[in-house]
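Novice: Enclosed is the structure file coords.txt (compact mmCIF, C-alpha atoms).
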# COMPACT_ATOMS: atom_id res chain seq x y z
CA MET A 923 8.58 -13.22 20.47
CA ASN A 924 5.23 -11.66 19.54
CA PHE A 925 3.27 -12.52 16.38
CA PHE A 926 4.39 -9.43 14.45
CA ALA A 927 8.06 -10.00 15.30
CA LEU A 928 7.62 -13.57 14.05
CA VAL A 929 6.04 -12.35 10.79
CA GLU A 930 8.93 -9.95 10.27
CA LEU A 931 11.46 -12.69 11.01
CA MET A 932 9.69 -14.99 8.52
CA ARG A 933 9.85 -12.25 5.90
CA LYS A 934 13.57 -11.72 6.48
CA LEU A 935 14.23 -15.46 6.25
CA ASN A 936 12.24 -15.66 3.01
CA GLY A 937 14.36 -12.85 1.60
CA LEU A 938 17.55 -14.60 2.67
CA LEU A 939 16.38 -17.84 1.04
CA ARG A 940 15.59 -15.96 -2.18
CA LYS A 941 19.16 -14.62 -2.19
CA LEU A 942 20.69 -18.02 -1.43
CA ASN A 943 18.59 -19.70 -4.11
CA GLY A 944 19.26 -16.97 -6.65
CA ASP A 945 22.55 -18.41 -7.88
CA ILE A 946 21.13 -21.91 -8.30
CA MET A 947 17.45 -21.40 -9.12
CA LYS A 948 17.58 -17.88 -10.57
CA ALA A 949 14.90 -16.85 -8.07
CA ARG A 950 13.49 -13.43 -8.90
CA LYS A 951 13.71 -10.59 -6.44
CA PHE A 952 10.51 -9.07 -5.12
CA GLU A 953 8.80 -7.09 -7.87
CA PRO A 954 5.21 -5.75 -7.81
CA GLU A 955 2.95 -6.75 -10.68
CA ARG A 956 1.54 -3.95 -12.82
CA LEU A 957 -2.27 -4.00 -13.03
CA GLU A 958 -3.70 -1.75 -15.73
CA LEU A 959 -7.12 -0.42 -14.76
CA GLU A 960 -9.31 1.73 -17.01
CA PHE A 961 -9.56 5.44 -16.33
CA ASN A 962 -12.95 6.79 -15.30
CA PRO A 963 -14.81 7.52 -18.57
CA ARG A 964 -16.42 10.59 -16.96
CA TYR A 965 -12.97 12.18 -16.99
CA THR A 966 -12.78 12.22 -20.80
CA GLY A 967 -11.31 15.55 -21.87
CA LEU A 968 -10.47 16.54 -18.27
CA PRO A 969 -7.07 16.36 -16.54
CA LYS A 970 -6.45 13.01 -14.94
CA TRP A 971 -3.94 12.79 -12.11
CA GLY A 972 -1.54 15.64 -11.52
CA ARG A 973 2.09 14.76 -12.20
CA ARG A 974 5.28 15.12 -10.18
CA THR A 975 8.97 14.36 -10.50
CA LEU A 976 10.30 11.31 -8.66
CA ARG A 977 12.57 13.42 -6.45
CA MET A 978 9.41 14.89 -4.85
CA ILE A 979 8.62 11.52 -3.22
CA GLN A 980 9.51 11.77 0.48
CA LYS A 981 7.25 9.32 2.29
CA ILE A 982 5.08 6.20 2.09
CA ILE A 983 1.58 6.09 3.60
CA VAL A 984 -0.18 2.80 4.37
CA HIS A 985 -3.98 2.40 4.25
CA GLN A 986 -6.62 -0.26 4.70
CA GLU A 987 -9.61 -0.70 2.39
CA MET A 988 -12.17 -0.71 5.23
CA GLY A 989 -14.17 -3.20 3.19
CA ASN A 990 -13.93 -6.79 1.99
CA GLY A 991 -13.43 -6.40 -1.73
CA THR A 992 -10.51 -6.67 -4.12
CA THR A 993 -8.31 -4.18 -5.93
CA GLN A 994 -10.82 -4.19 -8.79
CA ALA A 995 -13.75 -3.59 -6.43
CA VAL A 996 -11.99 -0.63 -4.80
CA HIS A 997 -11.21 0.77 -8.24
CA ASN A 998 -14.87 0.39 -9.28
CA TYR A 999 -15.96 2.27 -6.16
CA HIS A 1000 -13.41 5.06 -6.55
CA ILE A 1001 -14.52 5.81 -10.11
CA SER A 1002 -18.23 5.53 -9.31
CA GLU A 1003 -20.70 8.35 -8.80
CA ASP A 1004 -21.07 7.14 -5.18
CA SER A 1005 -17.38 7.56 -4.39
CA HIS A 1006 -16.34 9.88 -1.55
CA LEU A 1007 -13.71 11.19 -4.00
CA LYS A 1008 -15.09 13.99 -6.19
CA LEU A 1009 -18.70 13.24 -5.30
CA GLY A 1010 -20.92 12.65 -8.30
CA MET A 1011 -17.97 12.19 -10.64
CA GLY A 1012 -15.64 9.73 -8.93
CA ALA A 1013 -11.86 9.73 -9.06
CA PRO A 1014 -9.93 9.28 -12.32
CA LYS A 1015 -8.85 5.82 -11.15
CA ILE A 1016 -8.21 3.85 -7.95
CA ALA A 1017 -6.58 6.39 -5.64
CA TYR A 1018 -3.47 4.49 -4.49
CA HIS A 1019 -0.17 3.56 -6.07
CA PHE A 1020 -0.11 -0.01 -4.75
CA THR A 1021 -2.58 -2.55 -3.40
CA ILE A 1022 -2.01 -5.77 -1.48
CA GLU A 1023 -4.60 -8.52 -1.87
CA LYS A 1024 -5.49 -10.94 0.94
CA ASN A 1025 -3.34 -13.64 -0.68
CA GLY A 1026 -0.34 -11.30 -0.55
CA LYS A 1027 -0.38 -10.37 -4.24
CA VAL A 1028 1.01 -6.86 -4.76
CA TYR A 1029 -0.22 -4.69 -7.62
CA GLN A 1030 1.08 -1.36 -8.85
CA VAL A 1031 -2.04 0.45 -10.06
CA ASN A 1032 -0.73 3.97 -10.80
CA ASP A 1033 2.58 5.47 -11.89
CA TYR A 1034 4.98 6.88 -9.32
CA GLU A 1035 4.64 10.25 -11.02
CA ASP A 1036 0.86 10.29 -10.51
CA ILE A 1037 -0.39 12.50 -7.68
CA VAL A 1038 -3.27 10.29 -6.53
CA TRP A 1039 -5.83 11.25 -3.87
CA HIS A 1040 -5.06 8.87 -1.01
CA CYS A 1041 -4.23 11.27 1.85
CA ALA A 1042 -5.33 14.92 1.98
CA GLY A 1043 -2.40 17.31 2.23
CA GLN A 1044 0.20 14.58 1.59
CA ASN A 1045 -0.45 13.43 -1.97
CA MET A 1046 2.23 15.54 -3.67
CA GLU A 1047 5.10 13.87 -1.83
CA SER A 1048 3.86 10.40 -0.90
CA ILE A 1049 3.26 6.91 -2.25
CA GLY A 1050 -0.04 5.32 -1.16
CA ILE A 1051 -0.33 1.61 -0.33
CA MET A 1052 -3.69 -0.02 0.43
CA LEU A 1053 -4.25 -3.44 2.02
CA VAL A 1054 -7.53 -5.08 1.02
CA GLY A 1055 -9.67 -5.80 4.08
CA ASP A 1056 -11.67 -4.32 6.93
CA PHE A 1057 -9.52 -4.14 10.07
CA ASP A 1058 -10.16 -2.90 13.60
CA GLY A 1059 -8.87 0.62 14.15
CA GLU A 1060 -9.53 3.60 16.37
CA GLY A 1061 -13.30 4.21 16.27
CA HIS A 1062 -13.86 1.42 13.73
CA GLU A 1063 -14.82 -2.22 14.35
CA GLY A 1064 -13.54 -4.28 11.45
CA THR A 1065 -14.76 -7.63 10.19
CA THR A 1066 -11.43 -9.22 9.14
CA ARG A 1067 -7.74 -9.19 10.05
CA PRO A 1068 -4.77 -8.61 7.78
CA THR A 1069 -3.40 -11.94 6.59
CA THR A 1070 0.15 -13.05 7.31
CA ARG A 1071 0.80 -13.01 3.56
CA GLN A 1072 -0.38 -9.40 3.36
CA LEU A 1073 1.96 -8.34 6.16
CA ILE A 1074 4.93 -10.14 4.61
CA SER A 1075 4.16 -8.49 1.26
CA LEU A 1076 3.81 -5.11 2.95
CA GLY A 1077 7.30 -5.47 4.43
CA ASP A 1078 8.71 -6.54 1.06
CA LEU A 1079 7.02 -3.63 -0.68
CA LEU A 1080 8.26 -1.14 1.91
CA ASP A 1081 11.81 -2.44 1.47
CA TYR A 1082 11.45 -2.23 -2.31
CA LEU A 1083 10.15 1.35 -2.27
CA ARG A 1084 12.58 2.58 0.37
CA ASP A 1085 15.46 1.18 -1.66
CA LYS A 1086 14.12 2.65 -4.89
CA PHE A 1087 13.65 6.15 -3.45
CA ASP A 1088 16.36 6.04 -0.75
CA LEU A 1089 13.84 6.58 2.06
CA PRO A 1090 14.55 5.92 5.76
CA LYS A 1091 12.23 3.78 7.89
CA TYR A 1092 10.91 6.90 9.63
CA ALA A 1093 9.44 7.98 6.26
CA VAL A 1094 6.83 5.17 6.54
CA PHE A 1095 3.49 6.26 8.01
CA GLY A 1096 -0.06 5.09 8.53
CA HIS A 1097 -2.98 7.17 7.25
CA CYS A 1098 -3.77 7.70 10.95
CA ASN A 1099 -0.68 9.93 11.21
CA PHE A 1100 -2.48 12.40 8.95
CA GLY A 1101 -6.01 12.36 10.31
CA LYS A 1102 -7.88 9.12 9.54
CA LYS A 1103 -7.52 7.40 12.91
CA ALA A 1104 -8.92 3.99 11.92
CA CYS A 1105 -6.54 3.57 8.98
CA PRO A 1106 -4.64 1.29 8.43
CA GLY A 1107 -5.87 -0.43 11.61
CA TYR A 1108 -4.29 -1.67 14.82
CA LYS A 1109 -2.78 -4.90 13.47
CA VAL A 1110 -1.16 -3.25 10.46
CA LEU A 1111 0.25 -0.55 12.73
CA GLU A 1112 1.65 -3.20 15.08
CA TYR A 1113 3.38 -4.86 12.14
CA MET A 1114 4.72 -1.50 10.89
CA LYS A 1115 6.15 -0.84 14.36
CA GLU A 1116 7.97 -4.19 14.22
CA TYR A 1117 9.13 -3.44 10.67
CA LYS A 1118 10.60 -0.12 11.79
CA ARG A 1119 12.29 -1.82 14.74
CA GLY A 1120 14.36 -3.62 12.12
CA THR A 1121 14.93 -7.24 13.11
CA LYS A 1122 18.36 -8.22 11.77
CA ILE A 1123 19.34 -11.74 10.66
Spit out the file's structure as structure tokens when you get a sec.

Specialist:
Amino acid sequence: MNFFALVELMRKLNGLLRKLNGDIMKARKFEPERLELEFNPRYTGLPKWGRRTLRMIQKIIVHQEMGNGTTQAVHNYHISEDSHLKLGMGAPKIAYHFTIEKNGKVYQVNDYEDIVWHCAGQNMESIGIMLVGDFDGEGHEGTTRPTTRQLISLGDLLDYLRDKFDLPKYAVFGHCNFGKKACPGYKVLEYMKEYKRGTKI
């Protein structure tokens, strides 16, 4: 059994234990934590994110930070004048729907209805997830690896979102499927491949 199959098996066992413990310990099901971040003040009086209906959501796209910050640090960069998003003005806010910290903590940072700028040409119909870290990918030499906790949380979040929006496993993509070859990185892609394989217990 390879490492990524083991991670996926661990995640499935954790989920099973949560269910078994639920009757006795009232264990809570997986639920992302909402993190409220301030909108870019330079967007005062201008439209913020575009909006969509939930039925427009057809896919999930996974990203890596390509840095070694935190959700807050990525947000600060995205709204800065130095951001690659809307140069000189920055984005309205961090440009993902969810982030996963190195310790596995999952944050929802934008509403589902928000059309955020995480993947050119795909934003209208997708949810964007970003893992904090700088991982090896095609044409990019990273400095860290995704943590086991991040990968377990990614699988839990994918299950959560697929259940919420009735999406099949083939609706889960990496940013590399839409042009950015280094994103989300080799290790995350290997885990996603194992996730899609669907280990059953």

Novice: I'd like the interatomic distance between atom CA of A:Cys1105 and atom CA of A:Gly1012, to a tenth of an Å.

Specialist: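 We find that atom CA of A:Cys1105 and atom CA of A:Gly1012 lie 21.0 Å from each other.
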
Novice: Using all atoms listed in the file, what residues lie at most 12 Å away from (-6.2, -16.0, 3.9) (file coordinates), given as a list in words?

Specialist: Glu1023, Lys1024, Asn1025, Gly1026, Lys1027, Val1054, Gly1055, Thr1066, Arg1067, Pro1068, Thr1069, Thr1070, Arg1071, Gln1072 and Leu1073 of chain A

Novice: Rounded to one decimal in Å, what is the spacing between atom CA of A:Val996 and atom CA of A:Ile1016?

Specialist: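 We find that atom CA of A:Val996 and atom CA of A:Ile1016 lie 6.7 Å from each other.
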
Novice: Between atom CA of A:Lys1103 and atom CA of A:Glu1063, measure the distance and give it in Å to one decimal.

Specialist: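 Atom-to-atom, atom CA of A:Lys1103 and atom CA of A:Glu1063 are spaced 12.2 Å apart.
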
Novice: Looking at all atoms listed in the file, which of A:Tyr1029, A:Tyr1034, A:Phe952, A:Phe1095 is the one that sits closest to A:Asp1081?

Specialist: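 Looking at the shortest contact to A:Asp1081, the residue is A:Phe952.
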
Novice: Applying 10 Å and all atoms listed in the file, which residues near A:Asp1088 remain after dropping the ones on its own chain fewer than 6 positions away? List them as a list in words.

Specialist: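 Residues near the query, excluding close chain neighbours: Ile979, Gln980, Asp1081 and Tyr1082 of chain A.
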
Novice: Using all atoms listed in the file, which protein or nucleic acid residues come within 12 Å of A:Asn924? Drop anything in the same chain fewer than 2 positions from it, and give the result as a list in words.

Specialist: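 The residues satisfying every condition are Phe926, Ala927, Leu928, Val929, Glu930, Leu931, Glu1112, Tyr1113 and Glu1116 of chain A.
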
Novice: Emit the selected residues as a PDB file, keeping the file's coordinate frame, including C-alpha atoms.

Specialist:
ATOM      1  CA  PHE A 926       4.390  -9.430  14.450  1.00  0.00           C
ATOM      2  CA  ALA A 927       8.060 -10.000  15.300  1.00  0.00           C
ATOM      3  CA  LEU A 928       7.620 -13.570  14.050  1.00  0.00           C
ATOM      4  CA  VAL A 929       6.040 -12.350  10.790  1.00  0.00           C
ATOM      5  CA  GLU A 930       8.930  -9.950  10.270  1.00  0.00           C
ATOM      6  CA  LEU A 931      11.460 -12.690  11.010  1.00  0.00           C
ATOM      7  CA  GLU A1112       1.650  -3.200  15.080  1.00  0.00           C
ATOM      8  CA  TYR A1113       3.380  -4.860  12.140  1.00  0.00           C
ATOM      9  CA  GLU A1116       7.970  -4.190  14.220  1.00  0.00           C
TER      10      GLU A1116
END

Novice: I want to know what sits within 8 Å of A:Gly1096, based on only C-alpha atoms, with residues of the same chain fewer than 5 positions away left out; could you give that as a list in words?

Specialist: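 Result of the neighbour search: Ile983, Val984, His985, Cys1105, Pro1106 and Leu1111 of chain A.
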
Novice: For the residues selected in the previous step, produce a file with C-alpha atoms as a PDB file, in the coordinates of the input.

Specialist:
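Generated file (again.pdb):
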ATOM      1  CA  ILE A 983       1.580   6.090   3.600  1.00  0.00           C
ATOM      2  CA  VAL A 984      -0.180   2.800   4.370  1.00  0.00           C
ATOM      3  CA  HIS A 985      -3.980   2.400   4.250  1.00  0.00           C
ATOM      4  CA  CYS A1105      -6.540   3.570   8.980  1.00  0.00           C
ATOM      5  CA  PRO A1106      -4.640   1.290   8.430  1.00  0.00           C
ATOM      6  CA  LEU A1111       0.250  -0.550  12.730  1.00  0.00           C
TER       7      LEU A1111
END

Novice: Determine the nearest neighbour of A:Arg973 from the options A:Ser1075, A:Asn1045, A:Asn936, A:Thr1065, counting all atoms listed in the file.

Specialist: A:Asn1045

Novice: Would you be able to write out as a VMD selection string which residues have an atom within 10 Å of (-9.7, 7.1, -10.9) in the file's coordinates, counting only C-alpha atoms?

Specialist: chain A and resid 959 to 965 970 to 971 997 to 1002 1007 to 1008 1011 to 1018 1032 1038 to 1039

Novice: Of the candidates A:Met1046, A:Leu1079, A:Leu1009, A:Ile1037, which one gets nearest to A:Pro954 if we count all atoms listed in the file?

Specialist: A:Leu1079

Novice: Taking every listed atom of stretch 1103-1106 of chain A and adding 5 Å to each side, what centre and edge lengths in Å (one decimal) does the axis-aligned box have, as JSON?

Specialist:
{"center_x": -6.8, "center_y": 4.3, "center_z": 10.7, "size_x": 14.3, "size_y": 16.1, "size_z": 14.5}

Novice: Go through A:Phe925, A:Tyr1117, A:Phe1100, A:Tyr1092 one by one, measure the shortest atom-to-atom distance of each to A:Ala1042 using all atoms listed in the file, and give the residue with the smallest value.

Specialist: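 Looking at the shortest contact to A:Ala1042, the residue is A:Phe1100.
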
Novice: Applying 9 Å and only C-alpha atoms, which residues near A:Leu1080 remain after dropping the ones on its own chain fewer than 5 positions away? List them as a list of chain:residue names.

Specialist: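 Result of the neighbour search: A:Ile982, A:Ser1075, A:Asp1085, A:Lys1091, A:Val1094.
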
Novice: Starting from the sparse input, extend stretch 954-972 of chain A to N, CA and C atoms and give the output as an mmCIF file, in the frame of the given file.

Specialist:
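Dumped to result.cif:
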data_model
loop_
_atom_site.group_PDB
_atom_site.id
_atom_site.type_symbol
_atom_site.label_atom_id
_atom_site.label_comp_id
_atom_site.auth_asym_id
_atom_site.auth_seq_id
_atom_site.Cartn_x
_atom_site.Cartn_y
_atom_site.Cartn_z
ATOM 1 N N PRO A 954 6.682 -5.848 -7.699
ATOM 2 C CA PRO A 954 5.210 -5.750 -7.810
ATOM 3 C C PRO A 954 4.749 -6.020 -9.237
ATOM 4 N N GLU A 955 3.541 -6.526 -9.357
ATOM 5 C CA GLU A 955 2.950 -6.750 -10.680
ATOM 6 C C GLU A 955 2.145 -5.520 -11.078
ATOM 7 N N ARG A 956 2.301 -5.097 -12.319
ATOM 8 C CA ARG A 956 1.540 -3.950 -12.820
ATOM 9 C C ARG A 956 0.131 -4.417 -13.176
ATOM 10 N N LEU A 957 -0.879 -3.707 -12.689
ATOM 11 C CA LEU A 957 -2.270 -4.000 -13.030
ATOM 12 C C LEU A 957 -2.848 -2.763 -13.693
ATOM 13 N N GLU A 958 -3.153 -2.879 -14.964
ATOM 14 C CA GLU A 958 -3.700 -1.750 -15.730
ATOM 15 C C GLU A 958 -5.213 -1.697 -15.554
ATOM 16 N N LEU A 959 -5.694 -0.624 -14.967
ATOM 17 C CA LEU A 959 -7.120 -0.420 -14.760
ATOM 18 C C LEU A 959 -7.576 0.757 -15.624
ATOM 19 N N GLU A 960 -8.794 0.680 -16.102
ATOM 20 C CA GLU A 960 -9.310 1.730 -17.010
ATOM 21 C C GLU A 960 -9.555 3.032 -16.258
ATOM 22 N N PHE A 961 -9.229 4.135 -16.906
ATOM 23 C CA PHE A 961 -9.560 5.440 -16.330
ATOM 24 C C PHE A 961 -11.070 5.645 -16.345
ATOM 25 N N ASN A 962 -11.538 6.428 -15.413
ATOM 26 C CA ASN A 962 -12.950 6.790 -15.300
ATOM 27 C C ASN A 962 -13.396 7.474 -16.600
ATOM 28 N N PRO A 963 -14.381 6.908 -17.300
ATOM 29 C CA PRO A 963 -14.810 7.520 -18.570
ATOM 30 C C PRO A 963 -15.408 8.908 -18.396
ATOM 31 N N ARG A 964 -15.881 9.237 -17.193
ATOM 32 C CA ARG A 964 -16.420 10.590 -16.960
ATOM 33 C C ARG A 964 -15.334 11.649 -16.955
ATOM 34 N N TYR A 965 -14.076 11.220 -16.954
ATOM 35 C CA TYR A 965 -12.970 12.180 -16.990
ATOM 36 C C TYR A 965 -12.459 12.431 -18.407
ATOM 37 N N THR A 966 -13.175 11.976 -19.421
ATOM 38 C CA THR A 966 -12.780 12.220 -20.800
ATOM 39 C C THR A 966 -12.660 13.719 -21.044
ATOM 40 N N GLY A 967 -11.514 14.124 -21.538
ATOM 41 C CA GLY A 967 -11.310 15.550 -21.870
ATOM 42 C C GLY A 967 -10.902 16.390 -20.687
ATOM 43 N N LEU A 968 -10.877 15.808 -19.468
ATOM 44 C CA LEU A 968 -10.470 16.540 -18.270
ATOM 45 C C LEU A 968 -9.090 16.059 -17.844
ATOM 46 N N PRO A 969 -8.357 16.851 -17.056
ATOM 47 C CA PRO A 969 -7.070 16.360 -16.540
ATOM 48 C C PRO A 969 -7.287 15.114 -15.690
ATOM 49 N N LYS A 970 -6.375 14.177 -15.802
ATOM 50 C CA LYS A 970 -6.450 13.010 -14.940
ATOM 51 C C LYS A 970 -5.639 13.325 -13.691
ATOM 52 N N TRP A 971 -4.752 12.456 -13.276
ATOM 53 C CA TRP A 971 -3.940 12.790 -12.110
ATOM 54 C C TRP A 971 -2.971 13.923 -12.420
ATOM 55 N N GLY A 972 -2.661 14.721 -11.385
ATOM 56 C CA GLY A 972 -1.540 15.640 -11.520
ATOM 57 C C GLY A 972 -0.257 14.826 -11.609
#
